[in-house]
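**Q** Quick one: this structure, given as structure tokens, is what I'll be asking you about.
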Amino acid sequence: MFDDQRSKKIILIAHCILNQNVKIDRCARYPGAIQELADLLVDSGVGLLQMPCPELKCLGLDRQIGKGLKTTIESEDTRVAQRMTEASSIARCHGLANDLINQIREYHKNGFEIMGVIGINGSPICGVETTWTGDQEKAAQGVFIRILDEECRRRGIVLRFRGIKGYEIPQAIAAAKDLLGNGARRCGEGKGIANGGSASDPG
Ligand code: SF4
């Protein structure tokens, strides 16, 4: 079964890696996908399982920002981080994580390999090595990644998680290659590299 062209390798990626339109206001760094990383992932031949954006699911595209409020990216990140700790948001994140786990189980059941999960460091929701809390970036998992990791482990599923930032392309490419391993059989070395930007990669 499934003896065709598919690689039988899957990688889970944060929604905004392929769709920057979902980012909070002022935080998109690309018109669509994070180009260099998306190129690498597509060229690798692994299947891209785009995870849902928990902020969009819980708070909508405008994150329910108050009209006329003067905000900074940092203050918005702090506000969104707090909203995502509300019971309704946590419950929604559990639901999203469980849906992903059901998909992972299907792939495992049929002999597919889950290469890992790529999140967004500095995000209060999808951070892997760092998150945003108490008005600063700290070393911890974001709300959704923590729930996904815990729910996976509770079911005996251990996944490798790596975080990237959209403005640190060389590091993002290295993290993706680390997860892809031999799965990155046609990786995009030598492609154009965008760099620069501010110190956080929120929402
Ligand atoms: S990092 Fe933020 S914008 Fe990207 S998928 Fe996660 S919650 Fe959505």
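In the structure tokens, the first chain shown is A, the next is B, and so on; residue numbers restart at 1 for each chain, and ligands run from 1 in the order shown.
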Near Ala139 (chain A), counting only C-alpha atoms, which residues have an atom at most 9 Å away, once you skip same-chain residues fewer than 5 positions from it, shown as a count of residues only?

**A** 6

**Q** Please provide as a list in words all residues within 10 Å of Arg146 (chain A), with the sequence filter that same-chain residues fewer than 4 positions apart are discarded (counting only C-alpha atoms).

**A**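 Near neighbours after the sequence-gap exclusion: Cys93, Ala97, Ile125, Cys126, Gly127, Val128, Ala140, Gln141, Gly142, Glu150, Glu151 and Cys152 of chain A.
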
**Q** Based on the selection just made, write C-alpha atoms of those residues as a CSV table (one decimal), in the first residue's frame.

**A**
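Dumped to part_21.csv:
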chain,number,residue,atom,x,y,z
A,93,CYS,CA,-5.2,24.5,21.7
A,97,ALA,CA,-3.2,19.5,19.2
A,125,ILE,CA,2.2,30.4,21.1
A,126,CYS,CA,4.5,28.5,18.7
A,127,GLY,CA,7.9,29.1,20.4
A,128,VAL,CA,10.1,26.1,20.8
A,140,ALA,CA,10.5,28.2,27.3
A,141,GLN,CA,7.9,26.6,25.0
A,142,GLY,CA,5.0,28.6,23.7
A,150,GLU,CA,2.8,17.1,26.4
A,151,GLU,CA,-0.2,15.5,24.6
A,152,CYS,CA,2.2,13.6,22.3

**Q** Kindly work out which residues sit at most 9 Å from ligand 1, using only C-alpha atoms and all ligand atoms, and give the list as a VMD selection string.

**A** chain A and resid 13 to 17 19 to 24 27 to 28 50 to 57 119 to 127 142 144 to 145 201 to 203

**Q** Pull the strand (DSSP E or B) assignments for region 6-200 of chain A out of DSSP run on the backbone, and list those residues as an NGL selection string.

**A** :A and (9-13 or 47-50 or 113-120 or 131-133 or 136-138 or 161-164 or 168 or 195)

**Q** My list of candidates is A:Ala81, A:Leu48, A:Ala87, A:Ile10. Which is closest to Arg63 (chain A) when distances are computed with only C-alpha atoms?

**A**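 So, comparing all the options, the nearest one is A:Ala81.
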
**Q** Check the DSSP output for the backbone and give back, as an MDAnalysis selection string, the residues of region 90-176 of chain A in helix (DSSP H, G or I).

**A** chainID A and resid 90:109 143:154 169:176

**Q** Any chance you could export the current selection's C-alpha atoms as a PDB file, in the first residue's frame?

**A**
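Here's the written file out_37.pdb:
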ATOM      1  CA  ILE A  90      -6.157  26.563  26.229  1.00  0.00           C
ATOM      2  CA  ALA A  91      -9.110  24.281  25.465  1.00  0.00           C
ATOM      3  CA  ARG A  92      -8.927  25.261  21.796  1.00  0.00           C
ATOM      4  CA  CYS A  93      -5.195  24.540  21.724  1.00  0.00           C
ATOM      5  CA  HIS A  94      -5.828  21.089  23.197  1.00  0.00           C
ATOM      6  CA  GLY A  95      -8.363  20.452  20.456  1.00  0.00           C
ATOM      7  CA  LEU A  96      -5.959  21.572  17.733  1.00  0.00           C
ATOM      8  CA  ALA A  97      -3.170  19.457  19.222  1.00  0.00           C
ATOM      9  CA  ASN A  98      -5.408  16.397  19.433  1.00  0.00           C
ATOM     10  CA  ASP A  99      -6.412  16.780  15.803  1.00  0.00           C
ATOM     11  CA  LEU A 100      -2.750  16.883  14.810  1.00  0.00           C
ATOM     12  CA  ILE A 101      -2.001  13.847  16.959  1.00  0.00           C
ATOM     13  CA  ASN A 102      -4.772  11.914  15.237  1.00  0.00           C
ATOM     14  CA  GLN A 103      -3.114  12.706  11.918  1.00  0.00           C
ATOM     15  CA  ILE A 104       0.310  11.734  13.271  1.00  0.00           C
ATOM     16  CA  ARG A 105      -1.085   8.411  14.466  1.00  0.00           C
ATOM     17  CA  GLU A 106      -2.528   7.712  11.028  1.00  0.00           C
ATOM     18  CA  TYR A 107       0.848   8.326   9.428  1.00  0.00           C
ATOM     19  CA  HIS A 108       2.644   6.212  12.023  1.00  0.00           C
ATOM     20  CA  LYS A 109       0.088   3.420  11.662  1.00  0.00           C
ATOM     21  CA  VAL A 143       1.504  27.689  24.846  1.00  0.00           C
ATOM     22  CA  PHE A 144       0.567  25.580  21.836  1.00  0.00           C
ATOM     23  CA  ILE A 145       3.925  23.848  21.381  1.00  0.00           C
ATOM     24  CA  ARG A 146       3.943  22.918  25.077  1.00  0.00           C
ATOM     25  CA  ILE A 147       0.460  21.425  24.824  1.00  0.00           C
ATOM     26  CA  LEU A 148       1.312  19.554  21.622  1.00  0.00           C
ATOM     27  CA  ASP A 149       4.526  18.200  23.142  1.00  0.00           C
ATOM     28  CA  GLU A 150       2.790  17.143  26.376  1.00  0.00           C
ATOM     29  CA  GLU A 151      -0.154  15.529  24.580  1.00  0.00           C
ATOM     30  CA  CYS A 152       2.207  13.638  22.278  1.00  0.00           C
ATOM     31  CA  ARG A 153       4.327  12.346  25.151  1.00  0.00           C
ATOM     32  CA  ARG A 154       1.216  11.320  27.080  1.00  0.00           C
ATOM     33  CA  ILE A 169      17.367  32.496   7.678  1.00  0.00           C
ATOM     34  CA  PRO A 170      20.753  30.740   7.966  1.00  0.00           C
ATOM     35  CA  GLN A 171      19.768  29.461  11.419  1.00  0.00           C
ATOM     36  CA  ALA A 172      16.312  28.470  10.159  1.00  0.00           C
ATOM     37  CA  ILE A 173      17.827  26.536   7.262  1.00  0.00           C
ATOM     38  CA  ALA A 174      20.242  24.776   9.638  1.00  0.00           C
ATOM     39  CA  ALA A 175      17.407  23.833  12.011  1.00  0.00           C
ATOM     40  CA  ALA A 176      15.289  22.468   9.167  1.00  0.00           C
TER      41      ALA A 176
END

**Q** Could you please determine the separation between CA of Phe112 (chain A) and CA of Lys9 (chain A) in Å, to one decimal place?

**A**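 According to the coordinates, CA of Phe112 (chain A) and CA of Lys9 (chain A) are separated by 5.8 Å.
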
**Q** So how many Å separate CA of Thr133 (chain A) and CA of Glu86 (chain A), to one decimal?

**A** 14.1 Å

**Q** Considering only C-alpha atoms, state which residue in the set A:Leu18, A:Leu40, A:Val46, A:Val158 is at the smallest distance from Gln5 (chain A).

**A**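 Among A:Leu18, A:Leu40, A:Val46, A:Val158, it is A:Val46 that comes nearest to Gln5 (chain A).
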
**Q** Quote the spacing between CA of Gly181 (chain A) and CA of Ile114 (chain A) in Å to one decimal place.

**A** 11.8 Å

**Q** Closest to Ser44 (chain A) among A:Met115, A:Leu159, A:Leu69, A:Leu59, using only C-alpha atoms?

**A** A:Met115

**Q** Excluding same-chain residues fewer than 6 positions from Arg160 (chain A), what lies within 8 Å of it counting only C-alpha atoms, as a ChimeraX atom specification?

**A** /A:115-117,179
